[in-house]
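Chemist: Got coords.txt for you, compact mmCIF, C-alpha atoms:
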```
# COMPACT_ATOMS: atom_id res chain seq x y z
CA MET A 17 0.00 0.00 0.00
CA THR A 18 1.50 3.31 -1.04
CA ASP A 19 0.73 6.83 0.15
CA THR A 20 0.19 9.55 -2.40
CA LEU A 21 1.01 13.18 -1.84
CA THR A 22 -1.26 15.82 -3.28
CA HIS A 23 0.08 19.26 -4.06
CA GLU A 24 -2.26 22.23 -3.94
CA PRO A 25 -1.77 25.15 -6.24
CA ALA A 26 -0.08 28.21 -4.77
CA GLY A 27 -2.52 30.79 -3.47
CA SER A 28 -5.25 28.24 -2.76
CA ALA A 29 -6.52 28.11 0.81
CA ARG A 30 -7.78 25.06 2.58
CA PRO A 31 -11.04 25.62 4.45
CA ALA A 32 -10.26 26.19 8.11
CA GLY A 33 -11.49 23.47 10.42
CA PRO A 34 -12.71 23.92 13.98
CA ALA A 35 -9.16 23.76 15.39
CA THR A 36 -7.65 26.27 12.96
CA ARG A 37 -10.40 28.87 12.94
CA ALA A 38 -9.00 32.38 13.58
CA VAL A 39 -9.87 34.05 16.90
CA PRO A 40 -11.63 37.35 16.29
CA ALA A 41 -9.72 40.43 17.43
CA PRO A 42 -11.10 42.13 20.57
CA ARG A 43 -13.28 45.13 19.97
CA PRO A 44 -11.39 48.40 20.48
CA THR A 45 -13.49 49.68 23.35
CA PRO A 46 -12.54 52.92 25.17
CA ALA A 47 -11.47 50.90 28.22
CA ARG A 48 -9.11 48.77 26.11
CA ARG A 49 -7.65 51.82 24.40
CA ALA A 50 -7.09 53.51 27.76
CA SER A 51 -5.48 50.35 29.16
CA ALA A 52 -3.14 50.09 26.17
CA TRP A 53 -2.19 53.75 26.48
CA LEU A 54 -1.47 53.46 30.22
CA SER A 55 0.57 50.32 29.58
CA ALA A 56 2.75 52.28 27.16
CA HIS A 57 3.14 55.23 29.56
CA PRO A 58 4.21 53.91 33.03
CA ARG A 59 4.65 57.39 34.54
CA PHE A 60 1.08 58.38 33.78
CA ARG A 61 -0.07 54.99 35.12
CA LEU A 62 1.74 55.61 38.41
CA ALA A 63 0.32 59.13 38.65
CA PHE A 64 -3.18 57.80 37.97
CA LEU A 65 -2.84 55.20 40.73
CA LEU A 66 -1.53 57.71 43.28
CA THR A 67 -3.97 60.52 42.51
CA ALA A 68 -6.84 59.26 44.66
CA PRO A 69 -4.86 58.42 47.85
CA LEU A 70 -2.76 61.58 47.57
CA PHE A 71 -5.86 63.69 47.10
CA TRP A 72 -7.44 62.08 50.16
CA LEU A 73 -4.27 62.56 52.21
CA GLY A 74 -3.95 66.17 51.12
CA LEU A 75 -7.59 67.01 51.74
CA VAL A 76 -8.19 65.17 55.01
CA TYR A 77 -4.80 65.51 56.65
CA ILE A 78 -2.71 68.36 55.30
CA VAL A 79 -5.51 70.81 54.51
CA ALA A 80 -7.26 70.04 57.80
CA LEU A 81 -4.00 70.57 59.70
CA VAL A 82 -3.34 73.87 57.92
CA LEU A 83 -6.86 75.08 58.65
CA LEU A 84 -6.43 74.13 62.29
CA LEU A 85 -3.15 76.02 62.58
CA VAL A 86 -4.64 79.07 60.87
CA THR A 87 -6.93 79.44 63.86
CA ALA A 88 -3.83 80.20 65.96
CA PHE A 89 -3.99 83.69 64.46
CA TRP A 90 -7.61 84.23 65.48
CA THR A 91 -9.13 85.14 68.84
CA VAL A 92 -12.07 84.17 71.01
CA ASP A 93 -14.75 86.60 72.08
CA SER A 94 -14.56 86.65 75.87
CA PHE A 95 -18.28 87.35 76.17
CA THR A 96 -19.84 84.94 73.67
CA GLY A 97 -17.04 82.37 73.46
CA GLU A 98 -17.24 82.46 69.65
CA ILE A 99 -14.13 82.48 67.46
CA VAL A 100 -13.44 85.89 65.93
CA THR A 101 -11.69 85.61 62.57
CA GLU A 102 -9.53 88.68 63.00
CA TRP A 103 -5.84 88.18 62.36
CA THR A 104 -3.64 88.76 65.39
CA LEU A 105 -0.38 87.51 66.87
CA ASP A 106 -1.60 87.65 70.46
CA ASN A 107 -1.77 83.87 70.89
CA ILE A 108 1.70 83.36 69.41
CA VAL A 109 3.17 86.05 71.66
CA THR A 110 1.43 84.54 74.69
CA VAL A 111 2.82 81.08 73.97
CA LEU A 112 6.35 82.32 73.29
CA THR A 113 6.61 84.67 76.28
CA GLY A 114 4.44 82.99 78.92
CA SER A 115 6.46 81.35 81.70
CA LEU A 116 3.93 78.50 81.94
CA TYR A 117 4.35 77.53 78.32
CA GLN A 118 8.13 77.81 78.46
CA THR A 119 8.28 75.56 81.52
CA VAL A 120 5.92 72.98 80.01
CA THR A 121 7.82 73.03 76.71
CA LEU A 122 11.14 72.35 78.44
CA ARG A 123 9.53 69.58 80.50
CA THR A 124 7.98 67.98 77.42
CA VAL A 125 11.19 68.08 75.40
CA GLY A 126 13.15 66.70 78.36
CA VAL A 127 10.73 63.80 78.81
CA ALA A 128 10.78 63.05 75.06
CA LEU A 129 14.59 63.06 74.96
CA LEU A 130 14.87 60.85 78.04
CA VAL A 131 12.35 58.36 76.66
CA THR A 132 14.26 58.30 73.36
CA VAL A 133 17.61 57.61 75.04
CA ILE A 134 16.14 54.84 77.23
CA ASP A 135 14.40 53.15 74.31
CA VAL A 136 17.53 53.22 72.14
CA ALA A 137 19.64 51.81 74.98
CA ILE A 138 17.17 48.94 75.44
CA ALA A 139 16.44 48.40 71.74
CA LEU A 140 20.04 48.13 70.52
CA PRO A 141 21.02 44.86 72.26
CA ILE A 142 17.61 43.31 71.60
CA ALA A 143 17.70 44.23 67.90
CA PHE A 144 21.33 43.06 67.55
CA TYR A 145 20.52 39.69 69.10
CA MET A 146 17.49 39.32 66.85
CA ALA A 147 19.40 40.23 63.68
CA LYS A 148 22.82 38.62 64.19
CA VAL A 149 22.71 36.04 66.95
CA ALA A 150 19.30 34.35 67.08
CA SER A 151 18.45 31.43 64.83
CA PRO A 152 15.82 31.96 62.11
CA ARG A 153 13.20 30.24 64.28
CA ALA A 154 14.10 32.37 67.30
CA GLN A 155 14.04 35.48 65.09
CA ARG A 156 10.43 34.84 64.12
CA PHE A 157 9.50 34.25 67.74
CA LEU A 158 11.22 37.44 68.91
CA VAL A 159 9.61 39.56 66.18
CA ILE A 160 6.19 38.28 67.28
CA ALA A 161 7.11 38.98 70.93
CA VAL A 162 8.06 42.57 70.03
CA LEU A 163 4.83 43.07 68.08
CA MET A 164 2.54 41.55 70.70
CA PRO A 165 2.32 44.69 72.92
CA LEU A 166 1.04 46.60 69.88
CA TRP A 167 -2.00 44.31 69.74
CA ALA A 168 -3.20 45.59 73.12
CA SER A 169 -5.02 48.85 73.61
CA TYR A 170 -2.99 51.95 74.44
CA LEU A 171 -5.26 52.71 77.42
CA VAL A 172 -5.02 49.16 78.74
CA LYS A 173 -1.22 49.36 78.80
CA ALA A 174 -1.20 52.83 80.36
CA TYR A 175 -3.64 51.85 83.12
CA ALA A 176 -1.70 48.62 83.68
CA TRP A 177 1.40 50.70 84.44
CA ARG A 178 -0.71 52.90 86.71
CA SER A 179 -1.58 49.78 88.69
CA VAL A 180 2.03 48.56 88.73
CA LEU A 181 3.42 51.92 89.90
CA SER A 182 0.78 52.62 92.55
CA GLN A 183 1.64 52.55 96.26
CA GLU A 184 -0.16 49.20 96.59
CA GLY A 185 1.09 47.84 93.26
CA ILE A 186 3.30 44.88 92.44
CA LEU A 187 6.41 47.06 92.09
CA GLU A 188 6.04 48.28 95.67
CA TRP A 189 5.60 44.66 96.81
CA ILE A 190 8.82 43.62 95.01
CA LEU A 191 10.94 46.58 96.21
CA ALA A 192 9.72 46.75 99.81
CA PRO A 193 11.94 43.87 101.11
CA PHE A 194 15.02 45.77 99.83
CA GLY A 195 14.03 49.01 101.52
CA LEU A 196 13.03 50.63 98.24
CA HIS A 197 9.73 52.07 97.10
CA THR A 198 7.81 52.61 93.92
CA PRO A 199 8.32 56.02 92.27
CA GLY A 200 4.56 56.54 92.35
CA TYR A 201 2.90 58.93 89.96
CA GLY A 202 4.89 61.76 88.40
CA LEU A 203 7.45 62.43 85.69
CA THR A 204 9.36 59.23 86.50
CA ALA A 205 6.22 57.17 85.98
CA THR A 206 5.52 59.08 82.77
CA VAL A 207 9.00 58.30 81.40
CA ILE A 208 8.71 54.61 82.35
CA THR A 209 5.29 54.24 80.76
CA LEU A 210 6.17 56.10 77.57
CA SER A 211 9.40 54.12 77.24
CA TYR A 212 7.40 50.90 77.39
CA LEU A 213 4.75 52.12 74.96
CA TRP A 214 7.16 53.24 72.21
CA LEU A 215 9.85 50.56 72.61
CA PRO A 216 8.53 48.33 69.76
CA TYR A 217 8.62 51.32 67.39
CA VAL A 218 12.32 51.71 68.15
CA ILE A 219 13.28 48.02 68.05
CA LEU A 220 11.79 47.27 64.63
CA PRO A 221 13.66 49.93 62.56
CA ILE A 222 16.94 49.15 64.30
CA TYR A 223 16.40 45.43 63.75
CA ALA A 224 15.70 46.03 60.05
CA GLY A 225 18.85 48.16 59.75
CA LEU A 226 21.08 45.63 61.53
CA GLU A 227 19.70 42.82 59.41
CA ARG A 228 21.02 44.61 56.31
CA VAL A 229 24.57 44.72 57.73
CA PRO A 230 26.50 41.92 55.90
CA ASP A 231 27.79 39.17 58.15
CA SER A 232 30.97 39.11 56.05
CA LEU A 233 31.94 42.51 57.49
CA LEU A 234 31.70 41.15 61.03
CA GLU A 235 33.78 38.12 60.04
CA ALA A 236 36.35 40.35 58.35
CA SER A 237 36.63 42.49 61.48
CA ALA A 238 37.17 39.38 63.60
CA ASP A 239 39.81 38.07 61.16
CA LEU A 240 41.67 41.38 61.40
CA GLY A 241 41.77 41.12 65.19
CA GLY A 242 38.86 43.38 66.03
CA ARG A 243 37.30 42.56 69.38
CA THR A 244 33.57 42.65 70.06
CA TRP A 245 33.31 46.25 71.22
CA ARG A 246 35.66 47.49 68.49
CA THR A 247 33.57 45.72 65.85
CA LEU A 248 30.35 47.15 67.25
CA GLY A 249 31.75 50.67 67.41
CA SER A 250 33.66 50.74 64.12
CA VAL A 251 31.56 48.49 61.87
CA VAL A 252 28.04 47.88 63.17
CA LEU A 253 27.04 51.26 64.61
CA PRO A 254 28.13 53.39 61.61
CA LEU A 255 26.14 51.17 59.22
CA ALA A 256 23.12 50.97 61.53
CA PHE A 257 23.19 54.67 62.49
CA PRO A 258 20.42 55.72 60.03
CA ALA A 259 18.16 52.97 61.40
CA ILE A 260 18.88 54.10 64.97
CA ILE A 261 17.97 57.68 64.09
CA ALA A 262 14.79 56.39 62.44
CA GLY A 263 13.85 54.72 65.72
CA THR A 264 14.51 57.93 67.64
CA ILE A 265 12.10 59.79 65.35
CA PHE A 266 9.27 57.51 66.48
CA ALA A 267 10.09 57.68 70.19
CA PHE A 268 10.76 61.42 70.24
CA SER A 269 7.77 62.53 68.15
CA LEU A 270 5.27 60.21 69.83
CA SER A 271 6.42 61.29 73.30
CA LEU A 272 6.37 64.96 72.32
CA GLY A 273 2.70 64.87 71.34
CA ASP A 274 1.38 62.50 73.98
CA TYR A 275 -1.10 63.74 76.56
CA ILE A 276 -2.95 60.63 77.76
CA THR A 277 -0.10 58.93 79.62
CA VAL A 278 0.75 61.99 81.68
CA ASN A 279 -2.92 62.29 82.62
CA ILE A 280 -2.94 58.69 83.84
CA VAL A 281 0.42 58.35 85.62
CA GLY A 282 1.86 61.87 85.60
CA GLY A 283 0.22 63.14 88.76
CA ALA A 284 -0.08 66.94 88.68
CA ASN A 285 2.50 67.39 85.92
CA GLN A 286 1.53 68.77 82.54
CA MET A 287 2.96 68.44 79.04
CA LEU A 288 2.20 70.32 75.84
CA GLY A 289 -0.47 67.82 74.86
CA ASN A 290 -2.31 68.47 78.13
CA LEU A 291 -2.36 72.20 77.47
CA VAL A 292 -3.78 71.65 73.99
CA TYR A 293 -6.42 69.28 75.35
CA THR A 294 -7.38 71.66 78.17
CA ASN A 295 -7.75 74.68 75.90
CA VAL A 296 -9.80 72.76 73.36
CA GLY A 297 -12.10 71.27 75.99
CA ALA A 298 -12.52 73.01 79.32
CA ALA A 299 -11.25 76.47 78.31
CA ASN A 300 -12.98 76.39 74.90
CA ASN A 301 -10.12 78.41 73.40
CA LEU A 302 -9.30 76.70 70.10
CA PRO A 303 -7.04 79.51 68.79
CA LEU A 304 -4.79 79.31 71.85
CA ALA A 305 -4.75 75.49 71.62
CA ALA A 306 -3.69 75.77 67.97
CA ALA A 307 -0.91 78.18 68.95
CA ILE A 308 0.35 75.71 71.57
CA ALA A 309 0.19 72.89 69.02
CA LEU A 310 2.61 74.85 66.82
CA ILE A 311 5.39 74.23 69.37
CA PRO A 312 5.71 70.42 68.95
CA ILE A 313 5.12 70.75 65.20
CA VAL A 314 8.00 73.19 64.83
CA ILE A 315 10.24 71.03 67.04
CA ILE A 316 9.46 67.91 65.03
CA PHE A 317 10.09 69.62 61.69
CA GLY A 318 13.36 70.97 63.06
CA TYR A 319 14.40 67.49 64.21
CA LEU A 320 13.48 65.96 60.85
CA ALA A 321 15.49 68.63 59.04
CA LEU A 322 18.43 67.92 61.34
CA VAL A 323 18.46 64.15 60.72
CA ARG A 324 17.50 64.25 57.04
CA ARG A 325 21.08 64.00 55.84
CA THR A 326 21.75 60.87 57.91
CA GLY A 327 19.45 58.81 55.65
CA ALA A 328 17.17 58.03 58.58
CA LEU A 329 14.02 58.97 56.64
CA ASN A 330 14.77 56.17 54.15
CA ASN A 331 14.55 53.65 57.02
CA LEU A 332 11.05 54.67 58.17
```
Could you show the structure in this file as structure tokens?

Modeler:
Amino acid sequence: MTDTLTHEPAGSARPAGPATRAVPAPRPTPARRASAWLSAHPRFRLAFLLTAPLFWLGLVYIVALVLLLVTAFWTVDSFTGEIVTEWTLDNIVTVLTGSLYQTVTLRTVGVALLVTVIDVAIALPIAFYMAKVASPRAQRFLVIAVLMPLWASYLVKAYAWRSVLSQEGILEWILAPFGLHTPGYGLTATVITLSYLWLPYVILPIYAGLERVPDSLLEASADLGGRTWRTLGSVVLPLAFPAIIAGTIFAFSLSLGDYITVNIVGGANQMLGNLVYTNVGAANNLPLAAAIALIPIVIIFGYLALVRRTGALNNL
């Protein structure tokens, strides 16, 4: 049995069967044309994606903040309690020259700096152990342990420290046999509570920065005779410095604007946040509260401008 080959003339087309039938081209709808145009222009695609969230951020946050701060240049009618939209610098002058506001500002900045130093001192060894010493399994466990306090309510943690630091609290029970006593309520309690609250925000950026330090550099330092402290000071800290500064931004800024903790454990002490809260609520003087709020905002912007060149903002 022999097979025969048949040759078809050039230009003739065999009828297409079910398997070879051409797929019709999609209809050029406006949506498809727009999708093709955005695919060919990645910059416009990125701008289109960011327009909505940036508009929302600008409208709800930035514009609202600017409008709030504008009220610092207004006054309140002492008789009716209504805001008078007449431009004046009286509130700014009062905040800058009043002894009360100067004292509270110094106290607030001092507390924020002390909390920042304490948190960095505690966070550095913890973050270094997590990044360079712990096994991968222990790393995951420690990261979860650091994040766990963030799952609890801010008020629950603050009131828990109020109970611990009270005269009948567990700290007094532990220290009493050694002839010591709990610090009670005051600035010391405020520093302790704020240090606990913001510690995870300091550990995580430092941990992320230390994790990016190559292990080969530590091995090279050891091979060249560098001891532990020399390696930490000459190799690890310079490379992790931006991450450390990033952690200080969280601790310093959050402490600077806090007002709840000092109300719970601070006793009779006041911070800038308390003055803002009092003037908004009990005193019903929103312009003066806005003027007081300018102080931590200016300090924070000054601190950010100071640390910008360290690369810390890239680690946030």

Chemist: With region 245-265 of chain A as the partner and 10 Å as the cut-off, tabulate the residues of region 108-153 of chain A that qualify, each row holding the nearest pair of atoms and their distance in Å to one decimal, using only C-alpha atoms, sorted by chain and rising number, as a Markdown table.

Modeler:
```
| residue | atom | partner | partner_atom | distance |
| --- | --- | --- | --- | --- |
| A:Ala128 | CA | A:Thr264 | CA | 9.8 |
| A:Leu129 | CA | A:Thr264 | CA | 8.9 |
| A:Val131 | CA | A:Thr264 | CA | 9.3 |
| A:Thr132 | CA | A:Thr264 | CA | 5.7 |
| A:Val133 | CA | A:Thr264 | CA | 8.0 |
| A:Asp135 | CA | A:Thr264 | CA | 8.2 |
| A:Val136 | CA | A:Thr264 | CA | 7.2 |
| A:Ala139 | CA | A:Gly263 | CA | 9.1 |
| A:Leu140 | CA | A:Ile260 | CA | 8.2 |
| A:Phe144 | CA | A:Val252 | CA | 9.4 |
```

Chemist: Calculated over all atoms listed in the file, which of the candidates A:Leu220, A:Leu191, A:Val292, A:Leu112 has the smallest distance to Ile142 (chain A)?

Modeler: A:Leu220

Chemist: What gap, in Å, lies between CA of Leu84 (chain A) and CA of Phe71 (chain A)?

Modeler: 18.4 Å

Chemist: So which residues touch Pro165 (chain A) within 10 Å, counting all atoms listed in the file, skipping near sequence neighbours fewer than 3 positions away, as a PDB file with C-alpha atoms, in the frame of the given file?

Modeler:
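Saved as selection.pdb:
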```pdb
ATOM      1  CA  ILE A 160       6.190  38.280  67.280  1.00  0.00           C
ATOM      2  CA  ALA A 161       7.110  38.980  70.930  1.00  0.00           C
ATOM      3  CA  VAL A 162       8.060  42.570  70.030  1.00  0.00           C
ATOM      4  CA  ALA A 168      -3.200  45.590  73.120  1.00  0.00           C
ATOM      5  CA  SER A 169      -5.020  48.850  73.610  1.00  0.00           C
ATOM      6  CA  TYR A 170      -2.990  51.950  74.440  1.00  0.00           C
ATOM      7  CA  LYS A 173      -1.220  49.360  78.800  1.00  0.00           C
ATOM      8  CA  TYR A 212       7.400  50.900  77.390  1.00  0.00           C
ATOM      9  CA  LEU A 213       4.750  52.120  74.960  1.00  0.00           C
ATOM     10  CA  TRP A 214       7.160  53.240  72.210  1.00  0.00           C
ATOM     11  CA  LEU A 215       9.850  50.560  72.610  1.00  0.00           C
ATOM     12  CA  PRO A 216       8.530  48.330  69.760  1.00  0.00           C
TER      13      PRO A 216
END
```

Chemist: In Å to one decimal, how far is CA of Tyr217 (chain A) from CA of Gly318 (chain A)?

Modeler: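 Value for the CA of Gly318 (chain A)-CA of Tyr217 (chain A) distance: 20.7 Å.
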
Chemist: Do you know which residues are at most 10 Å from Asn279 (chain A) counting all atoms listed in the file, after dropping those on the same chain fewer than 4 positions away, and could you put them as a list of chain:residue names?

Modeler: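 With the cut-off at 10 Å, the set is A:Ala174, A:Tyr201, A:Gly202, A:Thr206, A:Asp274, A:Tyr275, A:Gly283, A:Ala284, A:Asn285, A:Gln286, A:Met287, A:Gly289, A:Asn290.
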
Chemist: Can you tell me, as a PyMOL selection string, which residues sit within 12 Å of (2.9, 71.1, 80.0) in the file's frame, using all atoms listed in the file?

Modeler: chain A and resi 111+115-127+203+272-275+278-279+282+284-295+308-309+311-312

Chemist: Within 6 Å of (13.9, 44.0, 66.6) (coordinates as in the file), grab all the protein and nucleic acid residues, counting only C-alpha atoms, and write them out as a list in words.

Modeler: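 Checking each residue against the 6 Å limit leaves Ala143, Met146, Ile219, Leu220 and Tyr223 of chain A.
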
Chemist: One number please: CA of Ala307 (chain A) to CA of Thr104 (chain A), in Å, one decimal.

Modeler: 11.5 Å

Chemist: So which one's closest to Asn301 (chain A), A:Ile316, A:Val92, A:Ala63, A:Ala68? Using all atoms listed in the file, please.

Modeler: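 That would be A:Val92, the residue with the smallest distance to Asn301 (chain A).
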
Chemist: Just want the 12 Å neighbourhood of Val172 (chain A), counted on all atoms listed in the file, with same-chain residues fewer than 4 positions away dropped. Output as a ChimeraX atom specification.

Modeler: /A:165-168,176-179,209,213,276-277,280

Chemist: Kindly output region 219-253 of chain A as a JSON list (two decimals), keeping the file's coordinate frame, after building N, CA and C atoms.

Modeler:
```
[["chain", "number", "residue", "atom", "x", "y", "z"],
["A", 219, "ILE", "N", 12.61, 49.29, 68.32],
["A", 219, "ILE", "CA", 13.28, 48.02, 68.05],
["A", 219, "ILE", "C", 13.18, 47.64, 66.58],
["A", 220, "LEU", "N", 12.01, 47.77, 65.99],
["A", 220, "LEU", "CA", 11.79, 47.27, 64.63],
["A", 220, "LEU", "C", 12.66, 47.97, 63.58],
["A", 221, "PRO", "N", 12.76, 49.32, 63.55],
["A", 221, "PRO", "CA", 13.66, 49.93, 62.56],
["A", 221, "PRO", "C", 15.12, 49.58, 62.77],
["A", 222, "ILE", "N", 15.55, 49.50, 64.04],
["A", 222, "ILE", "CA", 16.94, 49.15, 64.30],
["A", 222, "ILE", "C", 17.20, 47.71, 63.89],
["A", 223, "TYR", "N", 16.27, 46.83, 64.17],
["A", 223, "TYR", "CA", 16.40, 45.43, 63.75],
["A", 223, "TYR", "C", 16.50, 45.32, 62.23],
["A", 224, "ALA", "N", 15.66, 46.06, 61.52],
["A", 224, "ALA", "CA", 15.70, 46.03, 60.05],
["A", 224, "ALA", "C", 17.03, 46.57, 59.54],
["A", 225, "GLY", "N", 17.57, 47.62, 60.17],
["A", 225, "GLY", "CA", 18.85, 48.16, 59.75],
["A", 225, "GLY", "C", 20.01, 47.21, 60.03],
["A", 226, "LEU", "N", 20.01, 46.57, 61.20],
["A", 226, "LEU", "CA", 21.08, 45.63, 61.53],
["A", 226, "LEU", "C", 21.02, 44.38, 60.66],
["A", 227, "GLU", "N", 19.83, 44.00, 60.25],
["A", 227, "GLU", "CA", 19.70, 42.82, 59.41],
["A", 227, "GLU", "C", 20.34, 43.04, 58.04],
["A", 228, "ARG", "N", 20.41, 44.31, 57.61],
["A", 228, "ARG", "CA", 21.02, 44.61, 56.31],
["A", 228, "ARG", "C", 22.55, 44.72, 56.39],
["A", 229, "VAL", "N", 23.11, 44.69, 57.59],
["A", 229, "VAL", "CA", 24.57, 44.72, 57.73],
["A", 229, "VAL", "C", 25.12, 43.34, 57.34],
["A", 230, "PRO", "N", 25.99, 43.24, 56.33],
["A", 230, "PRO", "CA", 26.50, 41.92, 55.90],
["A", 230, "PRO", "C", 27.29, 41.23, 57.00],
["A", 231, "ASP", "N", 27.04, 39.94, 57.16],
["A", 231, "ASP", "CA", 27.79, 39.17, 58.15],
["A", 231, "ASP", "C", 29.27, 39.09, 57.78],
["A", 232, "SER", "N", 29.57, 39.20, 56.49],
["A", 232, "SER", "CA", 30.97, 39.11, 56.05],
["A", 232, "SER", "C", 31.81, 40.23, 56.64],
["A", 233, "LEU", "N", 31.19, 41.41, 56.88],
["A", 233, "LEU", "CA", 31.94, 42.51, 57.49],
["A", 233, "LEU", "C", 32.31, 42.19, 58.94],
["A", 234, "LEU", "N", 31.40, 41.54, 59.66],
["A", 234, "LEU", "CA", 31.70, 41.15, 61.03],
["A", 234, "LEU", "C", 32.80, 40.09, 61.05],
["A", 235, "GLU", "N", 32.75, 39.16, 60.11],
["A", 235, "GLU", "CA", 33.78, 38.12, 60.04],
["A", 235, "GLU", "C", 35.14, 38.73, 59.66],
["A", 236, "ALA", "N", 35.10, 39.71, 58.75],
["A", 236, "ALA", "CA", 36.35, 40.35, 58.35],
["A", 236, "ALA", "C", 36.97, 41.13, 59.52],
["A", 237, "SER", "N", 36.13, 41.78, 60.31],
["A", 237, "SER", "CA", 36.63, 42.49, 61.48],
["A", 237, "SER", "C", 37.26, 41.52, 62.48],
["A", 238, "ALA", "N", 36.61, 40.37, 62.68],
["A", 238, "ALA", "CA", 37.17, 39.38, 63.60],
["A", 238, "ALA", "C", 38.48, 38.82, 63.06],
["A", 239, "ASP", "N", 38.57, 38.59, 61.75],
["A", 239, "ASP", "CA", 39.81, 38.07, 61.16],
["A", 239, "ASP", "C", 40.96, 39.05, 61.29],
["A", 240, "LEU", "N", 40.64, 40.35, 61.29],
["A", 240, "LEU", "CA", 41.67, 41.38, 61.40],
["A", 240, "LEU", "C", 42.02, 41.70, 62.85],
["A", 241, "GLY", "N", 41.43, 40.95, 63.78],
["A", 241, "GLY", "CA", 41.77, 41.12, 65.19],
["A", 241, "GLY", "C", 40.86, 42.05, 65.95],
["A", 242, "GLY", "N", 39.78, 42.48, 65.34],
["A", 242, "GLY", "CA", 38.86, 43.38, 66.03],
["A", 242, "GLY", "C", 38.07, 42.65, 67.09],
["A", 243, "ARG", "N", 38.07, 43.16, 68.30],
["A", 243, "ARG", "CA", 37.30, 42.56, 69.38],
["A", 243, "ARG", "C", 35.83, 42.98, 69.27],
["A", 244, "THR", "N", 35.01, 42.45, 70.17],
["A", 244, "THR", "CA", 33.57, 42.65, 70.06],
["A", 244, "THR", "C", 33.19, 44.12, 70.09],
["A", 245, "TRP", "N", 33.70, 44.85, 71.09],
["A", 245, "TRP", "CA", 33.31, 46.25, 71.22],
["A", 245, "TRP", "C", 33.87, 47.10, 70.09],
["A", 246, "ARG", "N", 35.07, 46.75, 69.61],
["A", 246, "ARG", "CA", 35.66, 47.49, 68.49],
["A", 246, "ARG", "C", 34.84, 47.25, 67.21],
["A", 247, "THR", "N", 34.39, 46.03, 67.02],
["A", 247, "THR", "CA", 33.57, 45.72, 65.85],
["A", 247, "THR", "C", 32.24, 46.44, 65.91],
["A", 248, "LEU", "N", 31.63, 46.46, 67.11],
["A", 248, "LEU", "CA", 30.35, 47.15, 67.25],
["A", 248, "LEU", "C", 30.50, 48.64, 67.00],
["A", 249, "GLY", "N", 31.58, 49.23, 67.54],
["A", 249, "GLY", "CA", 31.75, 50.67, 67.41],
["A", 249, "GLY", "C", 32.22, 51.13, 66.05],
["A", 250, "SER", "N", 33.05, 50.32, 65.38],
["A", 250, "SER", "CA", 33.66, 50.74, 64.12],
["A", 250, "SER", "C", 32.95, 50.20, 62.88],
["A", 251, "VAL", "N", 32.19, 49.13, 63.04],
["A", 251, "VAL", "CA", 31.56, 48.49, 61.87],
["A", 251, "VAL", "C", 30.04, 48.55, 61.96],
["A", 252, "VAL", "N", 29.49, 48.05, 63.08],
["A", 252, "VAL", "CA", 28.04, 47.88, 63.17],
["A", 252, "VAL", "C", 27.33, 49.22, 63.33],
["A", 253, "LEU", "N", 27.76, 50.01, 64.31],
["A", 253, "LEU", "CA", 27.04, 51.26, 64.61],
["A", 253, "LEU", "C", 27.06, 52.26, 63.44]]
```
